[in-house]
file query-v3.txt (compact mmCIF, C-alpha atoms)
# COMPACT_ATOMS: atom_id res chain seq x y z
CA MET A 25 31.74 23.66 49.40
CA GLU A 26 28.90 25.62 51.04
CA THR A 27 28.50 27.68 47.87
CA ILE A 28 28.26 24.56 45.72
CA LEU A 29 25.69 23.05 48.02
CA ARG A 30 23.68 26.29 48.08
CA SER A 31 23.61 26.39 44.29
CA VAL A 32 21.81 23.07 44.12
CA VAL A 33 19.53 23.27 47.17
CA THR A 34 17.86 26.37 45.72
CA SER A 35 16.48 24.25 42.85
CA GLN A 36 12.75 23.75 42.72
CA GLY A 37 11.51 20.88 44.83
CA VAL A 38 14.67 20.62 46.96
CA ILE A 39 14.22 20.86 50.72
CA GLY A 40 17.92 20.84 51.49
CA GLY A 41 21.16 18.99 51.12
CA MET A 42 24.44 17.94 52.64
CA ILE A 43 27.88 16.74 51.66
CA ALA A 44 29.68 13.92 53.45
CA ASN A 45 33.14 12.43 53.04
CA ASP A 46 33.95 8.81 52.22
CA SER A 47 33.76 7.84 55.90
CA GLY A 48 30.21 9.10 56.08
CA GLN A 49 31.20 12.19 58.07
CA LEU A 50 29.07 15.25 57.48
CA LEU A 51 31.10 18.07 55.92
CA VAL A 52 28.50 20.74 55.15
CA ARG A 53 24.75 20.90 55.48
CA SER A 54 21.88 23.06 54.32
CA LEU A 55 18.83 21.42 55.81
CA PRO A 56 16.03 22.55 58.14
CA ASP A 57 17.08 22.93 61.78
CA MET A 58 14.77 20.12 62.86
CA TYR A 59 17.51 17.76 61.69
CA ASP A 60 20.49 17.87 64.04
CA SER A 61 23.97 17.07 62.82
CA ASP A 62 24.18 13.74 64.65
CA GLN A 63 21.01 12.64 62.91
CA LEU A 64 22.35 13.69 59.51
CA GLY A 65 25.67 12.01 60.26
CA ARG A 66 23.82 8.77 60.88
CA VAL A 67 22.00 9.19 57.56
CA CYS A 68 25.29 9.78 55.74
CA ALA A 69 26.79 6.71 57.40
CA LEU A 70 23.79 4.62 56.38
CA LEU A 71 24.02 5.90 52.81
CA MET A 72 27.71 5.02 52.67
CA GLU A 73 26.95 1.56 54.04
CA GLN A 74 24.20 1.12 51.50
CA GLN A 75 26.56 2.04 48.68
CA LEU A 76 29.23 -0.28 50.03
CA GLY A 77 26.77 -3.16 50.31
CA LEU A 78 25.69 -2.72 46.70
CA GLU A 79 29.19 -2.29 45.31
CA ASP A 80 29.48 -5.82 43.93
CA ALA A 81 26.04 -5.75 42.35
CA THR A 82 26.48 -2.37 40.67
CA GLY A 83 30.24 -2.09 40.17
CA GLY A 84 30.16 0.90 42.51
CA VAL A 85 27.12 3.08 43.14
CA ARG A 86 27.20 6.39 41.28
CA GLN A 87 23.79 7.67 42.21
CA ALA A 88 20.88 6.50 44.31
CA GLU A 89 17.38 7.92 44.29
CA VAL A 90 15.35 6.65 47.22
CA ARG A 91 11.65 7.51 47.32
CA PHE A 92 9.56 7.75 50.44
CA GLU A 93 5.99 8.65 51.21
CA LEU A 94 6.98 12.19 52.27
CA GLY A 95 10.06 12.92 50.24
CA LYS A 96 12.90 11.57 48.18
CA LEU A 97 16.61 11.39 48.73
CA ILE A 98 19.19 11.66 45.97
CA ALA A 99 22.74 10.63 46.82
CA ARG A 100 25.45 11.25 44.22
CA SER A 101 28.98 9.94 44.62
CA VAL A 102 31.46 12.63 43.68
CA GLY A 103 34.99 11.31 44.02
CA GLU A 104 35.61 10.89 47.73
CA ARG A 105 32.45 12.73 48.68
CA LEU A 106 28.75 12.11 48.76
CA LEU A 107 26.37 14.87 47.73
CA VAL A 108 22.92 14.27 49.21
CA LEU A 109 19.72 16.12 48.38
CA LEU A 110 16.45 15.88 50.26
CA CYS A 111 13.55 16.67 47.92
CA GLU A 112 9.80 16.97 48.02
CA PRO A 113 7.99 13.80 46.94
CA GLY A 114 6.91 15.33 43.65
CA ALA A 115 10.26 16.90 42.74
CA ASN A 116 11.20 16.55 39.09
CA VAL A 117 14.40 14.52 39.31
CA GLN A 118 15.31 14.88 35.64
CA MET A 119 15.26 18.68 35.97
CA LEU A 120 17.16 18.46 39.22
CA LEU A 121 19.88 16.30 37.72
CA ILE A 122 21.05 19.22 35.60
CA ALA A 123 21.78 21.30 38.71
CA LEU A 124 23.21 18.23 40.42
CA ASN A 125 25.58 17.54 37.51
CA VAL A 126 26.89 21.11 37.63
CA ALA A 127 27.36 20.94 41.40
CA ALA A 128 29.08 17.55 41.13
CA LYS A 129 31.53 18.87 38.53
CA LYS A 130 32.43 21.82 40.79
CA LEU A 131 32.76 19.53 43.78
CA GLU A 132 35.11 17.21 41.89
CA LYS A 133 37.51 20.10 41.43
CA LEU A 134 37.78 20.82 45.16
CA PRO A 135 40.77 19.20 46.85
CA HIS A 136 40.03 16.20 49.05
CA VAL A 137 40.51 16.89 52.76
CA PRO A 138 41.16 13.77 54.85
CA ALA A 139 38.91 13.29 57.88
CA ASN A 140 41.79 13.64 60.39
CA GLN A 141 42.69 17.06 58.97
CA LEU A 142 39.10 18.17 59.27
CA ALA A 143 39.13 17.16 62.91
CA ALA A 144 42.38 19.05 63.48
CA SER A 145 40.90 22.19 61.90
CA GLY A 146 38.25 22.17 64.60
CA LYS A 147 35.29 21.68 62.28
CA LYS A 148 32.42 20.06 64.10
CA GLU A 149 31.31 16.90 62.41
CA ALA A 150 28.60 14.41 63.07
CA LYS A 151 29.84 11.02 64.20
CA PRO A 152 29.12 8.16 61.85
CA ALA A 153 26.30 5.99 63.02
CA GLU A 154 27.05 3.07 65.26
CA VAL A 155 25.32 0.47 63.22
CA ARG A 156 25.80 -3.28 63.34
CA LYS A 157 27.66 -4.45 60.28
CA ASP A 158 24.86 -6.76 59.23
CA SER A 159 21.98 -4.67 60.53
CA GLY A 160 20.62 -3.95 57.07
CA ILE A 161 20.89 -7.49 55.78
CA PRO A 162 17.72 -9.57 56.09
CA ALA A 163 18.30 -12.48 58.49
CA ALA A 164 17.76 -15.00 55.72
CA TYR A 165 20.69 -13.61 53.75
CA ARG A 166 23.21 -12.92 56.53
CA ASN A 167 25.13 -16.13 55.96
CA SER A 168 24.65 -16.21 52.21
CA GLY A 169 28.05 -14.71 51.49
CA LEU A 170 26.46 -12.15 49.18
CA PHE A 171 27.46 -9.24 51.39
CA GLY A 172 31.02 -10.21 52.23
CA MET B 15 -28.82 31.28 22.82
CA ASN B 16 -31.40 28.51 23.16
CA ASN B 17 -31.66 26.07 26.07
CA SER B 18 -30.32 23.00 24.29
CA ALA B 19 -27.13 24.84 23.29
CA GLN B 20 -26.61 26.00 26.86
CA GLN B 21 -26.88 22.46 28.23
CA ILE B 22 -24.08 21.02 26.08
CA VAL B 23 -20.94 20.87 28.19
CA GLY B 24 -17.94 18.83 27.02
CA PHE B 25 -17.81 16.27 24.23
CA ASP B 26 -19.50 12.95 23.72
CA GLY B 27 -18.19 10.34 21.35
CA GLU B 28 -16.20 7.18 20.93
CA VAL B 29 -12.53 6.33 21.06
CA SER B 30 -10.94 3.05 20.11
CA GLY B 31 -7.55 1.51 20.75
CA MET B 32 -7.20 3.35 24.07
CA SER B 33 -6.22 1.35 27.14
CA LEU B 34 -8.45 1.45 30.17
CA THR B 35 -5.46 2.45 32.30
CA ASP B 36 -4.86 5.52 30.13
CA LEU B 37 -8.51 6.53 30.31
CA LEU B 38 -8.62 6.17 34.07
CA GLN B 39 -5.42 8.16 34.49
CA ILE B 40 -6.88 10.98 32.42
CA LYS B 41 -10.05 10.89 34.51
CA ALA B 42 -8.07 10.92 37.75
CA MET B 43 -5.94 13.85 36.59
CA GLY B 44 -9.07 15.71 35.51
CA ARG B 45 -10.53 15.24 39.02
CA PHE B 46 -13.48 13.40 37.56
CA SER B 47 -16.52 12.66 39.71
CA GLY B 48 -18.93 10.00 38.57
CA ARG B 49 -19.01 6.44 37.34
CA ILE B 50 -17.02 4.66 34.63
CA VAL B 51 -18.82 1.61 33.34
CA VAL B 52 -16.59 -0.97 31.68
CA GLU B 53 -18.22 -3.79 29.74
CA GLN B 54 -16.83 -6.98 28.28
CA ASN B 55 -18.54 -10.18 27.20
CA GLY B 56 -21.77 -9.21 28.91
CA LYS B 57 -20.05 -8.37 32.20
CA SER B 58 -20.13 -4.86 33.68
CA GLY B 59 -17.55 -3.37 35.97
CA HIS B 60 -18.27 -0.13 37.79
CA LEU B 61 -15.63 2.35 38.92
CA PHE B 62 -16.72 5.32 41.00
CA PHE B 63 -14.60 8.45 41.16
CA ARG B 64 -14.88 11.37 43.55
CA GLU B 65 -12.80 14.45 42.71
CA GLY B 66 -10.29 12.27 40.87
CA ASP B 67 -10.04 9.66 43.61
CA LEU B 68 -11.22 6.15 42.89
CA VAL B 69 -13.50 5.43 45.85
CA HIS B 70 -15.36 2.27 44.90
CA ALA B 71 -15.07 -0.59 42.40
CA GLN B 72 -17.64 -3.29 41.80
CA LEU B 73 -17.58 -6.36 39.57
CA ASP B 74 -20.10 -9.13 40.19
CA VAL B 75 -19.46 -10.26 43.76
CA PHE B 76 -16.07 -8.55 43.93
CA GLU B 77 -15.57 -5.13 45.47
CA GLY B 78 -12.72 -2.73 46.12
CA LYS B 79 -9.18 -3.68 45.11
CA GLU B 80 -10.00 -7.12 43.81
CA ALA B 81 -12.78 -5.78 41.59
CA PHE B 82 -10.48 -3.03 40.32
CA ALA B 83 -7.69 -5.53 39.53
CA ARG B 84 -10.08 -7.80 37.68
CA ILE B 85 -11.57 -4.98 35.62
CA LEU B 86 -8.10 -3.71 34.70
CA ALA B 87 -7.13 -7.20 33.60
CA TRP B 88 -9.73 -7.20 30.83
CA GLY B 89 -7.82 -7.07 27.57
CA GLY B 90 -10.58 -5.20 25.72
CA GLY B 91 -14.16 -4.03 25.89
CA THR B 92 -16.08 -0.80 25.98
CA PHE B 93 -16.34 1.93 28.53
CA ARG B 94 -18.50 4.94 29.17
CA ALA B 95 -18.27 7.79 31.65
CA GLU B 96 -21.34 8.83 33.60
CA PRO B 97 -20.53 12.07 35.43
CA LYS B 98 -23.86 12.31 37.20
CA VAL B 99 -23.77 8.89 38.85
CA GLY B 100 -22.30 8.80 42.34
CA THR B 101 -22.16 6.41 45.27
CA THR B 102 -22.10 6.66 49.03
CA ARG B 103 -19.99 3.50 49.28
CA GLN B 104 -16.24 3.67 49.73
CA THR B 105 -14.23 0.48 49.40
CA LEU B 106 -11.02 2.16 48.21
CA HIS B 107 -9.09 4.67 50.30
CA GLU B 108 -5.65 5.09 48.72
CA GLY B 109 -4.47 7.48 46.00
CA PHE B 110 -5.17 6.51 42.40
CA GLN B 111 -1.53 5.82 41.39
CA PHE B 112 -1.08 3.59 44.42
CA LEU B 113 -4.28 1.70 43.60
CA LEU B 114 -3.14 1.24 40.03
CA PHE B 115 0.18 -0.27 41.06
CA ASP B 116 -1.48 -2.35 43.73
CA ALA B 117 -4.00 -3.67 41.21
CA ILE B 118 -1.15 -4.77 38.97
CA ARG B 119 0.50 -6.48 41.90
CA LEU B 120 -2.75 -8.20 42.76
CA GLN B 121 -3.10 -9.43 39.19
CA ASP B 122 0.36 -10.94 39.43
CA GLU B 123 -0.56 -12.69 42.63
CA ILE B 124 -3.71 -14.01 41.06
CA ALA B 125 -1.79 -15.08 37.95
CA ALA B 126 0.88 -16.77 40.08
CA GLY B 127 -1.73 -18.78 41.88
CA ILE B 128 -1.36 -16.97 45.20
CA GLY B 129 -4.81 -15.53 44.96
CA GLN B 130 -8.04 -17.30 44.25
CA GLN B 131 -7.85 -20.01 41.65
CA SER B 132 -11.18 -19.46 40.06
CA GLN B 133 -12.34 -19.67 36.49
CA ALA B 134 -12.37 -15.90 36.35
CA THR B 135 -8.70 -15.83 37.31
CA GLU B 136 -7.76 -18.15 34.49
CA ALA B 137 -9.65 -15.91 32.10
CA VAL B 138 -7.81 -12.89 33.46
CA GLN B 139 -4.43 -14.52 32.91
CA ALA B 140 -5.27 -15.56 29.38
CA GLN B 141 -6.61 -12.13 28.45
CA LYS B 142 -3.73 -10.11 29.77
CA GLY B 143 -1.21 -12.16 27.83
CA GLY B 144 0.47 -14.23 30.49
CA SER B 145 2.39 -13.67 33.70
CA MET B 146 4.92 -11.04 34.78
CA LYS B 147 7.63 -12.95 32.89
CA ASP B 148 5.81 -12.63 29.57
CA ARG B 149 5.22 -8.95 30.02
CA LEU B 150 8.70 -7.93 31.17
CA SER B 151 10.99 -10.29 29.29
CA GLY B 152 11.23 -8.18 26.14
CA ILE B 153 12.29 -4.93 27.79
CA ALA B 154 15.65 -3.72 26.50
CA GLY B 155 18.39 -3.45 29.11
CA LEU B 156 16.55 -5.58 31.63
CA GLN B 157 18.77 -8.28 33.09
CA ASP B 158 17.06 -9.97 36.03
CA VAL B 159 13.75 -9.49 37.79
CA ALA B 160 12.69 -10.69 41.23
CA LEU B 161 9.23 -10.29 42.65
CA THR B 162 9.40 -10.94 46.38
CA ASP B 163 7.11 -10.82 49.33
CA ARG B 164 7.83 -8.37 52.17
CA ASN B 165 10.29 -10.81 53.73
CA GLY B 166 12.36 -11.10 50.57
CA SER B 167 11.18 -14.55 49.52
CA VAL B 168 11.12 -14.74 45.74
CA VAL B 169 7.63 -15.24 44.33
CA GLN B 170 8.48 -14.93 40.63
CA SER B 171 11.75 -14.33 38.85
CA ILE B 172 13.43 -13.76 35.51
CA GLY B 173 17.11 -14.41 34.93
CA SER B 174 19.73 -16.58 36.56
CA ASN B 175 20.81 -13.91 39.05
CA ALA B 176 17.33 -13.13 40.41
CA GLU B 177 17.93 -14.68 43.82
CA ALA B 178 21.02 -12.53 44.42
CA LEU B 179 19.16 -9.50 43.08
CA ALA B 180 16.39 -10.13 45.61
CA ALA B 181 18.95 -10.26 48.44
CA GLN B 182 20.64 -7.06 47.29
CA GLY B 183 17.27 -5.42 46.80
CA MET B 184 16.15 -6.34 50.30
CA TYR B 185 19.38 -4.91 51.67
CA LEU B 186 18.64 -1.70 49.78
CA VAL B 187 15.10 -1.62 51.16
CA SER B 188 16.29 -2.29 54.70
CA LYS B 189 18.91 0.49 54.67
CA SER B 190 16.46 2.85 52.97
CA CYS B 191 13.87 2.20 55.67
CA GLN B 192 16.45 3.06 58.34
CA ILE B 193 17.25 6.30 56.50
CA GLY B 194 13.56 7.11 56.08
CA ASP B 195 12.98 6.54 59.80
CA GLU B 196 15.91 8.77 60.69
CA LEU B 197 14.58 11.64 58.57
CA GLY B 198 10.89 11.07 59.27
CA LEU B 199 10.11 10.54 55.60
CA GLY B 200 7.47 7.88 56.05
CA SER B 201 7.35 4.56 54.30
CA PHE B 202 9.70 3.42 51.55
CA LYS B 203 8.22 3.71 48.06
CA GLY B 204 10.98 2.71 45.69
CA ALA B 205 14.52 3.35 44.58
CA VAL B 206 16.71 3.62 41.53
CA VAL B 207 20.38 2.85 42.09
CA GLN B 208 22.78 3.58 39.25
CA GLY B 209 26.13 1.87 39.26
CA ALA B 210 29.20 1.69 37.07
CA SER B 211 28.39 -1.75 35.66
CA GLY B 212 24.75 -2.33 36.62
CA HIS B 213 21.69 -0.69 38.08
CA ILE B 214 18.87 -1.73 40.40
CA VAL B 215 15.29 -0.47 40.13
CA THR B 216 13.03 -1.19 43.09
CA LEU B 217 9.26 -0.80 43.04
CA GLU B 218 7.06 -1.24 46.06
CA GLY B 219 3.63 -2.85 46.09
CA ALA B 220 1.20 -3.39 48.94
CA LYS B 221 2.63 -6.81 49.79
CA ASN B 222 5.56 -7.16 47.44
CA TYR B 223 8.76 -5.67 46.14
CA LEU B 224 9.74 -5.84 42.51
CA PHE B 225 13.49 -5.69 41.93
CA VAL B 226 14.76 -5.13 38.43
CA GLY B 227 18.41 -5.54 37.53
CA VAL B 228 19.44 -3.34 34.61
CA GLN B 229 22.53 -3.78 32.43
CA GLY B 230 25.30 -1.22 32.85
CA ASP B 231 24.70 0.32 29.43
CA GLY B 232 20.93 0.47 29.99
CA LYS B 233 19.12 3.49 31.36
CA PRO B 234 17.43 2.58 34.64
CA SER B 235 14.85 5.38 34.42
CA ALA B 236 13.84 4.23 30.93
CA VAL B 237 13.64 0.61 32.09
CA GLU B 238 11.54 1.66 35.07
CA THR B 239 9.12 3.48 32.75
CA GLU B 240 8.93 0.43 30.47
CA VAL B 241 8.34 -1.90 33.41
CA ARG B 242 5.55 0.30 34.76
CA ARG B 243 4.01 0.52 31.30
CA ALA B 244 4.27 -3.22 30.74
CA LEU B 245 2.63 -3.93 34.08
CA ALA B 246 -0.07 -1.32 33.52
CA ASN B 247 -1.00 -2.01 29.88
CA GLN B 248 -3.53 -4.71 29.51
CA GLY B 249 -4.21 -4.47 25.80

call {"tool": "encode", "arguments": {"input": "query-v3.txt", "output": "structure tokens"}}
result
Amino acid sequence: METILRSVVTSQGVIGGMIANDSGQLLVRSLPDMYDSDQLGRVCALLMEQQLGLEDATGGVRQAEVRFELGKLIARSVGERLLVLLCEPGANVQMLLIALNVAAKKLEKLPHVPANQLAASGKKEAKPAEVRKDSGIPAAYRNSGLFG
Amino acid sequence: MNNSAQQIVGFDGEVSGMSLTDLLQIKAMGRFSGRIVVEQNGKSGHLFFREGDLVHAQLDVFEGKEAFARILAWGGGTFRAEPKVGTTRQTLHEGFQFLLFDAIRLQDEIAAGIGQQSQATEAVQAQKGGSMKDRLSGIAGLQDVALTDRNGSVVQSIGSNAEALAAQGMYLVSKSCQIGDELGLGSFKGAVVQGASGHIVTLEGAKNYLFVGVQGDGKPSAVETEVRRALANQG
């Protein structure tokens, strides 16, 4: 998994990346040390929540590109896993998608390891974020029924 | 070589059929310094560039963003570049692309009646060919559109599902902001979410969000490009 991640984070414009499982637990990371694993775990959990919240509207999120002032985040769903790339603001996403597609294909072929087995193997993982279930939903929409 | 030959730098001439937005983008990319004078029906708008940054816009009594939005809204006219004319005034401080998007947003607000309801505004709306609805409705693959304020209240919409799209879009924005905060990535600027049966394109303006719902068989990146073009093109 580390090798797959390395193959894509070396692309031009990519700052780093990580792979999480379907519970939002961080599996591998290749990001600057300034981000600790707890922090990245929270990000993964938020991304999973975001995808879950938009499931009805999109029929299941396959890929999300979120742009910020200082960078952009690309999150690709690959089976039970989430491949996340942190890129420079000006990164060419279309170019990057080629490397991402290759990495996603390789990742699909890897066997799925349930979270409890990962814990038993002693791998250190970031805890998913403790976030209120409706924390991302604007107050006006909380009782609208649109988000389950 | 004689003196007159030495003094000729660059080309002078005329172009027609070119949009003002295209011209300004070329000037910004070329790090132009000087003034662009835009004229229409006896009115003159002045746009001052410094090293590719738009630093000041002036049209009659309007200055800064409002002047820029009003000049961009002109459907036609003439323009000329004056590289040697500068200004010490600075009424615009953001990057050119941001100003361009913001100007389009401001035009929409004016057209929707949120801004000033002056005679000039009515002229702007007539010249640019109608509101956001008119400009976006024909884009292939586009399903619903919701223009909201920062709180998620829908200002303008297209399609029967626009209200739900606005809610989902605001959820996307909210989660994205949390992620951006966590990673220190600064403010949210937009998102493209691709799904199995539908996609969501989110664009951010100074005071608004534009959420575009795209059909499952549509390409969200292509729709985003078309939306930006439709909002930018005035001709």

call {"tool": "residues_around", "arguments": {"input": "query-v3.txt", "residues": "region 100-106 of chain A", "least_positions_apart": "5", "cutoff": "10 Å", "atoms": "all atoms listed in the file", "output": "PyMOL selection string"}}
result
(chain A and resi 42-51+68+71-72+75+84-89+121+124-125+127-138) or (chain B and resi 208)

call {"tool": "write_last_selection", "arguments": {"input": "query-v3.txt", "atoms": "C-alpha atoms", "output": "PDB file, keeping the file's coordinate frame"}}
result
ATOM      1  CA  MET A  42      24.440  17.940  52.640  1.00  0.00           C
ATOM      2  CA  ILE A  43      27.880  16.740  51.660  1.00  0.00           C
ATOM      3  CA  ALA A  44      29.680  13.920  53.450  1.00  0.00           C
ATOM      4  CA  ASN A  45      33.140  12.430  53.040  1.00  0.00           C
ATOM      5  CA  ASP A  46      33.950   8.810  52.220  1.00  0.00           C
ATOM      6  CA  SER A  47      33.760   7.840  55.900  1.00  0.00           C
ATOM      7  CA  GLY A  48      30.210   9.100  56.080  1.00  0.00           C
ATOM      8  CA  GLN A  49      31.200  12.190  58.070  1.00  0.00           C
ATOM      9  CA  LEU A  50      29.070  15.250  57.480  1.00  0.00           C
ATOM     10  CA  LEU A  51      31.100  18.070  55.920  1.00  0.00           C
ATOM     11  CA  CYS A  68      25.290   9.780  55.740  1.00  0.00           C
ATOM     12  CA  LEU A  71      24.020   5.900  52.810  1.00  0.00           C
ATOM     13  CA  MET A  72      27.710   5.020  52.670  1.00  0.00           C
ATOM     14  CA  GLN A  75      26.560   2.040  48.680  1.00  0.00           C
ATOM     15  CA  GLY A  84      30.160   0.900  42.510  1.00  0.00           C
ATOM     16  CA  VAL A  85      27.120   3.080  43.140  1.00  0.00           C
ATOM     17  CA  ARG A  86      27.200   6.390  41.280  1.00  0.00           C
ATOM     18  CA  GLN A  87      23.790   7.670  42.210  1.00  0.00           C
ATOM     19  CA  ALA A  88      20.880   6.500  44.310  1.00  0.00           C
ATOM     20  CA  GLU A  89      17.380   7.920  44.290  1.00  0.00           C
ATOM     21  CA  LEU A 121      19.880  16.300  37.720  1.00  0.00           C
ATOM     22  CA  LEU A 124      23.210  18.230  40.420  1.00  0.00           C
ATOM     23  CA  ASN A 125      25.580  17.540  37.510  1.00  0.00           C
ATOM     24  CA  ALA A 127      27.360  20.940  41.400  1.00  0.00           C
ATOM     25  CA  ALA A 128      29.080  17.550  41.130  1.00  0.00           C
ATOM     26  CA  LYS A 129      31.530  18.870  38.530  1.00  0.00           C
ATOM     27  CA  LYS A 130      32.430  21.820  40.790  1.00  0.00           C
ATOM     28  CA  LEU A 131      32.760  19.530  43.780  1.00  0.00           C
ATOM     29  CA  GLU A 132      35.110  17.210  41.890  1.00  0.00           C
ATOM     30  CA  LYS A 133      37.510  20.100  41.430  1.00  0.00           C
ATOM     31  CA  LEU A 134      37.780  20.820  45.160  1.00  0.00           C
ATOM     32  CA  PRO A 135      40.770  19.200  46.850  1.00  0.00           C
ATOM     33  CA  HIS A 136      40.030  16.200  49.050  1.00  0.00           C
ATOM     34  CA  VAL A 137      40.510  16.890  52.760  1.00  0.00           C
ATOM     35  CA  PRO A 138      41.160  13.770  54.850  1.00  0.00           C
TER      36      PRO A 138
ATOM     37  CA  GLN B 208      22.780   3.580  39.250  1.00  0.00           C
TER      38      GLN B 208
END

call {"tool": "interface_residues", "arguments": {"input": "query-v3.txt", "of": "chain A", "to": "chain B", "cutoff": "7 Å", "atoms": "only C-alpha atoms", "output": "list in words"}}
result
Gln63, Val67, Leu70, Gln74, Leu78, Ala81, Thr82, Gly83, Gly84, Val85, Arg86, Gln87, Ala88, Glu89, Val90, Arg91, Phe92, Glu93, Leu94, Gly95, Gly160, Ile161, Pro162 and Tyr165 of chain A

call {"tool": "residues_around", "arguments": {"input": "query-v3.txt", "residues": "Gly173 (chain B)", "least_positions_apart": "2", "cutoff": "7 Å", "atoms": "only C-alpha atoms", "output": "tab-separated table (two decimals) with C-alpha atoms, keeping the file's coordinate frame"}}
result
chain	number	residue	atom	x	y	z
B	157	GLN	CA	18.77	-8.28	33.09
B	158	ASP	CA	17.06	-9.97	36.03
B	159	VAL	CA	13.75	-9.49	37.79
B	171	SER	CA	11.75	-14.33	38.85
B	175	ASN	CA	20.81	-13.91	39.05
B	176	ALA	CA	17.33	-13.13	40.41

call {"tool": "atom_distance", "arguments": {"input": "query-v3.txt", "atom1": "CA of Glu177 (chain B)", "atom2": "CA of Thr162 (chain B)"}}
result
9.7 Å

call {"tool": "residues_around", "arguments": {"input": "query-v3.txt", "residues": "Arg164 (chain B)", "least_positions_apart": "6", "cutoff": "8 Å", "atoms": "only C-alpha atoms", "output": "list in words"}}
result
Lys221, Asn222 and Tyr223 of chain B

call {"tool": "residues_around", "arguments": {"input": "query-v3.txt", "residues": "region 29-45 of chain B", "least_positions_apart": "4", "cutoff": "10 Å", "atoms": "only C-alpha atoms", "output": "JSON list (two decimals) with C-alpha atoms, keeping the file's coordinate frame"}}
result
[["chain", "number", "residue", "atom", "x", "y", "z"],
["B", 50, "ILE", "CA", -17.02, 4.66, 34.63],
["B", 52, "VAL", "CA", -16.59, -0.97, 31.68],
["B", 61, "LEU", "CA", -15.63, 2.35, 38.92],
["B", 63, "PHE", "CA", -14.60, 8.45, 41.16],
["B", 64, "ARG", "CA", -14.88, 11.37, 43.55],
["B", 65, "GLU", "CA", -12.80, 14.45, 42.71],
["B", 66, "GLY", "CA", -10.29, 12.27, 40.87],
["B", 67, "ASP", "CA", -10.04, 9.66, 43.61],
["B", 68, "LEU", "CA", -11.22, 6.15, 42.89],
["B", 85, "ILE", "CA", -11.57, -4.98, 35.62],
["B", 86, "LEU", "CA", -8.10, -3.71, 34.70],
["B", 87, "ALA", "CA", -7.13, -7.20, 33.60],
["B", 88, "TRP", "CA", -9.73, -7.20, 30.83],
["B", 89, "GLY", "CA", -7.82, -7.07, 27.57],
["B", 90, "GLY", "CA", -10.58, -5.20, 25.72],
["B", 91, "GLY", "CA", -14.16, -4.03, 25.89],
["B", 92, "THR", "CA", -16.08, -0.80, 25.98],
["B", 93, "PHE", "CA", -16.34, 1.93, 28.53],
["B", 95, "ALA", "CA", -18.27, 7.79, 31.65],
["B", 109, "GLY", "CA", -4.47, 7.48, 46.00],
["B", 110, "PHE", "CA", -5.17, 6.51, 42.40],
["B", 111, "GLN", "CA", -1.53, 5.82, 41.39],
["B", 114, "LEU", "CA", -3.14, 1.24, 40.03],
["B", 243, "ARG", "CA", 4.01, 0.52, 31.30],
["B", 246, "ALA", "CA", -0.07, -1.32, 33.52],
["B", 247, "ASN", "CA", -1.00, -2.01, 29.88],
["B", 248, "GLN", "CA", -3.53, -4.71, 29.51],
["B", 249, "GLY", "CA", -4.21, -4.47, 25.80]]

call {"tool": "closest_residue", "arguments": {"input": "query-v3.txt", "among": "B:Leu120, B:Phe82, B:Lys233, B:Ile172", "to": "Leu150 (chain B)", "atoms": "only C-alpha atoms"}}
result
B:Ile172

call {"tool": "axis_aligned_box", "arguments": {"input": "query-v3.txt", "around": "region 58-65 of chain A", "padding_each_side": "4 Å", "output": "JSON"}}
result
{"center_x": 20.2, "center_y": 16.1, "center_z": 62.1, "size_x": 18.9, "size_y": 16.1, "size_z": 13.1}

call {"tool": "residues_near_point", "arguments": {"input": "query-v3.txt", "point": "(21.4, 19.4, 46.6)", "cutoff": "12 Å", "atoms": "only C-alpha atoms", "output": "PyMOL selection string"}}
result
chain A and resi 25-43+52-55+96-100+106-112+117+120-128+131

call {"tool": "atom_distance", "arguments": {"input": "query-v3.txt", "atom1": "CA of Lys79 (chain B)", "atom2": "CA of Leu106 (chain B)"}}
result
6.9 Å

call {"tool": "atom_distance", "arguments": {"input": "query-v3.txt", "atom1": "CA of Ala83 (chain B)", "atom2": "CA of Ile118 (chain B)"}}
result
6.6 Å

call {"tool": "closest_residue", "arguments": {"input": "query-v3.txt", "among": "B:Gly100, B:Gly155, B:Gly59, B:Gly219", "to": "Pro234 (chain B)", "atoms": "all atoms listed in the file"}}
result
B:Gly155
